[in-house]
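Below is one structure; the comments refer to it alone.
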Amino acid sequence: MVSRDYTFFAGVPDSTFGPAYNALTSNPHLTYIPATREDSALGVASAAYFSGKKGAVVMQNSGLGNVINPLTSFSLMYEIPILLIIGWRGFGGHGSDAPEHWIMGEKTPSFLELLDIPYAVLDTELHHEKIDELLQSIEIQQKPGALLVPPGVFN
Amino acid sequence: MSCVKETDAVISTTGMISRELFYHQDRLGNFYMIGSMGLLSSFGLGLAKLHPHRKFFVLDGDGSALMSMGTMALVAAEKPRNFIHIVLDNESYESTGAQPTISRSVPIGEIAQASGYASTASVKSCAELAVELERCLVKDGPHCILIKVGIEPIPNIPRITYSPNEIRDRFRSFLMENTDG
């Protein structure tokens, strides 16, 4: 993300990110604001666009429900680019991971599709072209985009 | 608004507060948050962090402030010196039919103080407000000023005539002019 000029982050942690989360929050070249809720993180990070910078929200997919209103009546309405980096708990749906993640684990991509939010799924090979394509859509379409991070990508 | 310098930004919450700001004092440095009740203070925090040399006047309502109490704690924790949180408390959700909020029994100003805002004040008149604002302008924030206000609607108050994209572009140009890094 740093190599792609993302410097302003806000979020609520997720274990899916593993050590990458700590690397992000302790990087002195970045700003990371530890928000109390994902909607607040979205509001904070969106300020980046108004400063000519790039902002991202770091969150667990359980928090998707908390960002639907700011997505529909702020980000998508004003057309403000923002990257959502979303840890994918419950990947694999019912039976995988703890019960509270089963429903959202199955429906995470559907929520994004419902809102016409482009997304890419990060894999262990960290395919750069997929990431770059997503980041380009965010900038060109001036709307949110999501990078879904399934378990095991960051060890 | 007379305390607001040309380079300062004023952002306002959903409903009548934004409409009244637009009606009374539209300016390039205003941002009208026409949706997303409760999001204003988060947006203001991000802006304040990125533009440390400008002041940000965050015109919130009691309903919006109550909805975003977690953000009040975050603002206090992040200590943005240039953040002035003004809560216009009419104890109601005016735009949806003036239903009461719980702010008549929940002291929002005290919540800001307990969270750790640099200063908080409750005022009941324009004169008191003027005194408080003068004080806030010369000390580091974040500040919270709670003002008990009336619910008298402005007859025929217009809706904001700018489109969301226009609001965005105008504000973004304003902030990026003479950028302070």
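Numbering starts fresh at 1 for the residues of each chain in the structure tokens, the chains themselves are lettered A, B, ... in the order given, and ligands are numbered from 1 as they appear.
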
- Task: Find the residues of chain B in contact range of chain A, meaning any atom within 10 Å when counting only C-alpha atoms, and list them as number ranges by chain.
- Result: B: 33-51, 68-75, 77-78, 163-169, 171-177, 179-181

Emit the selected residues as a CSV table (one decimal), in the first residue's frame, including N, CA and C atoms.
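Final file, result-v8.csv:
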```csv
chain,number,residue,atom,x,y,z
B,33,MET,N,-22.7,18.2,5.1
B,33,MET,CA,-22.9,16.7,5.2
B,33,MET,C,-24.4,16.4,5.1
B,34,ILE,N,-24.9,16.2,3.9
B,34,ILE,CA,-26.3,16.2,3.7
B,34,ILE,C,-26.9,14.8,4.1
B,35,GLY,N,-26.0,13.8,4.2
B,35,GLY,CA,-26.5,12.4,4.6
B,35,GLY,C,-25.6,12.0,5.7
B,36,SER,N,-25.7,10.7,6.1
B,36,SER,CA,-24.8,10.1,7.1
B,36,SER,C,-24.8,10.8,8.4
B,37,MET,N,-25.9,10.9,9.0
B,37,MET,CA,-26.0,11.4,10.4
B,37,MET,C,-25.0,10.7,11.3
B,38,GLY,N,-24.3,11.5,12.1
B,38,GLY,CA,-23.3,10.9,13.0
B,38,GLY,C,-21.9,10.8,12.4
B,39,LEU,N,-21.7,11.1,11.1
B,39,LEU,CA,-20.4,10.9,10.5
B,39,LEU,C,-19.6,12.2,10.6
B,40,LEU,N,-20.2,13.3,10.9
B,40,LEU,CA,-19.5,14.6,10.7
B,40,LEU,C,-18.2,14.7,11.5
B,41,SER,N,-18.3,14.3,12.8
B,41,SER,CA,-17.1,14.5,13.7
B,41,SER,C,-15.9,13.6,13.2
B,42,SER,N,-16.2,12.5,12.7
B,42,SER,CA,-15.1,11.6,12.2
B,42,SER,C,-14.5,12.3,11.0
B,43,PHE,N,-15.3,12.8,10.1
B,43,PHE,CA,-14.8,13.4,8.9
B,43,PHE,C,-13.9,14.7,9.3
B,44,GLY,N,-14.5,15.4,10.3
B,44,GLY,CA,-13.8,16.6,10.8
B,44,GLY,C,-12.4,16.2,11.4
B,45,LEU,N,-12.4,15.1,12.1
B,45,LEU,CA,-11.1,14.6,12.8
B,45,LEU,C,-10.1,14.4,11.7
B,46,GLY,N,-10.5,13.6,10.7
B,46,GLY,CA,-9.5,13.3,9.6
B,46,GLY,C,-9.0,14.6,8.9
B,47,LEU,N,-9.9,15.5,8.7
B,47,LEU,CA,-9.5,16.8,8.0
B,47,LEU,C,-8.6,17.6,8.9
B,48,ALA,N,-8.9,17.6,10.2
B,48,ALA,CA,-8.1,18.4,11.1
B,48,ALA,C,-6.7,17.8,11.2
B,49,LYS,N,-6.6,16.5,11.2
B,49,LYS,CA,-5.2,15.9,11.2
B,49,LYS,C,-4.4,16.2,10.0
B,50,LEU,N,-5.1,16.2,8.9
B,50,LEU,CA,-4.4,16.5,7.6
B,50,LEU,C,-4.1,17.9,7.3
B,51,HIS,N,-4.8,18.8,8.0
B,51,HIS,CA,-4.6,20.3,7.7
B,51,HIS,C,-4.4,20.9,9.1
B,68,SER,N,-22.7,9.5,17.6
B,68,SER,CA,-21.3,9.3,17.4
B,68,SER,C,-20.5,9.5,18.7
B,69,MET,N,-21.0,9.1,19.8
B,69,MET,CA,-20.3,9.3,21.1
B,69,MET,C,-19.0,8.6,21.1
B,70,GLY,N,-18.8,7.5,20.4
B,70,GLY,CA,-17.6,6.8,20.3
B,70,GLY,C,-16.5,7.7,19.6
B,71,THR,N,-17.0,8.5,18.7
B,71,THR,CA,-16.1,9.4,18.0
B,71,THR,C,-15.7,10.5,18.9
B,72,MET,N,-16.5,10.9,19.8
B,72,MET,CA,-16.2,12.0,20.8
B,72,MET,C,-14.9,11.5,21.5
B,73,ALA,N,-14.9,10.2,21.9
B,73,ALA,CA,-13.8,9.7,22.6
B,73,ALA,C,-12.6,9.7,21.7
B,74,LEU,N,-12.8,9.3,20.5
B,74,LEU,CA,-11.6,9.2,19.5
B,74,LEU,C,-11.0,10.6,19.3
B,75,VAL,N,-11.9,11.6,19.2
B,75,VAL,CA,-11.4,13.0,19.0
B,75,VAL,C,-10.6,13.4,20.2
B,77,ALA,N,-9.0,11.5,22.2
B,77,ALA,CA,-7.7,10.7,22.3
B,77,ALA,C,-6.7,11.2,21.2
B,78,GLU,N,-7.2,11.6,20.1
B,78,GLU,CA,-6.3,12.1,19.0
B,78,GLU,C,-5.8,13.5,19.2
B,163,SER,N,-25.1,20.4,-5.8
B,163,SER,CA,-25.2,18.9,-5.9
B,163,SER,C,-24.1,18.4,-5.0
B,164,PRO,N,-24.2,17.1,-4.6
B,164,PRO,CA,-23.1,16.5,-3.8
B,164,PRO,C,-21.7,16.7,-4.4
B,165,ASN,N,-21.6,16.5,-5.7
B,165,ASN,CA,-20.3,16.6,-6.4
B,165,ASN,C,-19.8,18.1,-6.3
B,166,GLU,N,-20.7,19.0,-6.4
B,166,GLU,CA,-20.3,20.4,-6.3
B,166,GLU,C,-19.8,20.8,-4.9
B,167,ILE,N,-20.5,20.2,-3.9
B,167,ILE,CA,-20.1,20.5,-2.5
B,167,ILE,C,-18.7,19.9,-2.3
B,168,ARG,N,-18.5,18.7,-2.8
B,168,ARG,CA,-17.2,18.0,-2.7
B,168,ARG,C,-16.1,18.8,-3.4
B,169,ASP,N,-16.3,19.2,-4.6
B,169,ASP,CA,-15.3,19.8,-5.4
B,169,ASP,C,-14.9,21.2,-4.9
B,171,PHE,N,-15.2,22.3,-1.8
B,171,PHE,CA,-14.5,22.1,-0.5
B,171,PHE,C,-13.1,21.6,-0.7
B,172,ARG,N,-12.9,20.7,-1.6
B,172,ARG,CA,-11.6,20.1,-1.9
B,172,ARG,C,-10.7,21.2,-2.5
B,173,SER,N,-11.2,22.0,-3.4
B,173,SER,CA,-10.4,23.1,-4.0
B,173,SER,C,-10.0,24.0,-2.9
B,174,PHE,N,-10.9,24.4,-2.0
B,174,PHE,CA,-10.6,25.3,-1.0
B,174,PHE,C,-9.5,24.8,-0.1
B,175,LEU,N,-9.6,23.5,0.3
B,175,LEU,CA,-8.6,22.9,1.2
B,175,LEU,C,-7.2,22.8,0.5
B,176,MET,N,-7.2,22.5,-0.8
B,176,MET,CA,-5.9,22.2,-1.4
B,176,MET,C,-5.2,23.5,-1.9
B,177,GLU,N,-5.9,24.6,-1.8
B,177,GLU,CA,-5.3,25.9,-2.2
B,177,GLU,C,-4.4,26.3,-1.0
B,179,THR,N,-1.9,24.8,0.2
B,179,THR,CA,-1.9,23.6,1.1
B,179,THR,C,-0.8,23.7,2.1
B,180,ASP,N,-1.2,23.3,3.3
B,180,ASP,CA,-0.3,23.4,4.4
B,180,ASP,C,0.4,22.1,4.8
B,181,GLY,N,0.2,21.1,3.9
B,181,GLY,CA,0.9,19.8,4.0
B,181,GLY,C,0.5,18.9,5.1
```

What lies within 10 Å of B:Ser92 using only C-alpha atoms, ignoring chain neighbours under 2 positions off, as a PDB file with C-alpha atoms, in the first residue's frame?
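And here is the file that came out, result_29.pdb:
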```
ATOM      1  CA  GLY B  61     -26.486  18.496  16.399  1.00  0.00           C
ATOM      2  CA  ASP B  62     -27.449  16.754  19.624  1.00  0.00           C
ATOM      3  CA  GLY B  63     -28.843  13.738  17.764  1.00  0.00           C
ATOM      4  CA  ASP B  89     -28.587  21.239  20.992  1.00  0.00           C
ATOM      5  CA  ASN B  90     -32.294  21.733  20.349  1.00  0.00           C
ATOM      6  CA  GLU B  94     -35.885  18.538  13.981  1.00  0.00           C
ATOM      7  CA  SER B  95     -35.777  17.419  10.352  1.00  0.00           C
ATOM      8  CA  THR B  96     -37.778  14.243  10.865  1.00  0.00           C
ATOM      9  CA  GLY B  97     -40.626  15.957  12.742  1.00  0.00           C
ATOM     10  CA  ALA B  98     -39.055  17.361  15.906  1.00  0.00           C
ATOM     11  CA  GLN B  99     -39.090  14.118  17.877  1.00  0.00           C
ATOM     12  CA  PRO B 100     -37.192  14.542  21.165  1.00  0.00           C
ATOM     13  CA  THR B 101     -33.643  13.301  21.688  1.00  0.00           C
ATOM     14  CA  ILE B 102     -32.361  12.278  25.088  1.00  0.00           C
ATOM     15  CA  SER B 103     -30.074  15.297  25.325  1.00  0.00           C
ATOM     16  CA  ARG B 104     -32.443  16.941  27.797  1.00  0.00           C
ATOM     17  CA  GLY B 150     -34.506  26.738  19.937  1.00  0.00           C
ATOM     18  CA  ILE B 151     -36.446  24.772  17.400  1.00  0.00           C
TER      19      ILE B 151
END
```

- Task: Just the residues within 9 Å of B:Glu20, please, counting only C-alpha atoms, with nothing from its chain fewer than 5 positions along; format it as a PyMOL selection string.
- Result: chain B and resi 15+25+154+157-158

If we count only C-alpha atoms, what is near A:Ser62 at a cut-off of 8 Å, once residues fewer than 4 positions away on the same chain are taken out, given as a PDB file with N, CA and C atoms, in the first residue's frame?
```pdb
ATOM      1  N   ARG A  89     -13.395 -12.880   7.673  1.00  0.00           N
ATOM      2  CA  ARG A  89     -13.700 -13.950   8.622  1.00  0.00           C
ATOM      3  C   ARG A  89     -14.866 -14.763   8.065  1.00  0.00           C
ATOM      4  N   HIS A 101     -19.388 -15.553  12.532  1.00  0.00           N
ATOM      5  CA  HIS A 101     -18.855 -15.147  11.228  1.00  0.00           C
ATOM      6  C   HIS A 101     -19.478 -15.896  10.059  1.00  0.00           C
ATOM      7  N   MET A 104     -21.964 -13.575   7.617  1.00  0.00           N
ATOM      8  CA  MET A 104     -21.227 -12.536   6.900  1.00  0.00           C
ATOM      9  C   MET A 104     -20.111 -13.150   6.057  1.00  0.00           C
TER      10      MET A 104
END
```

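With atom CA of B:Arg81 on one side and atom CA of B:Ala114 on the other, the separation reads 17.3 Å.
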
- Message: Can you tell me, as a PyMOL selection string, which residues in stretch 41-86 of chain A count as strand (DSSP E or B) by DSSP?
- Response: chain A and resi 54-60+82-86
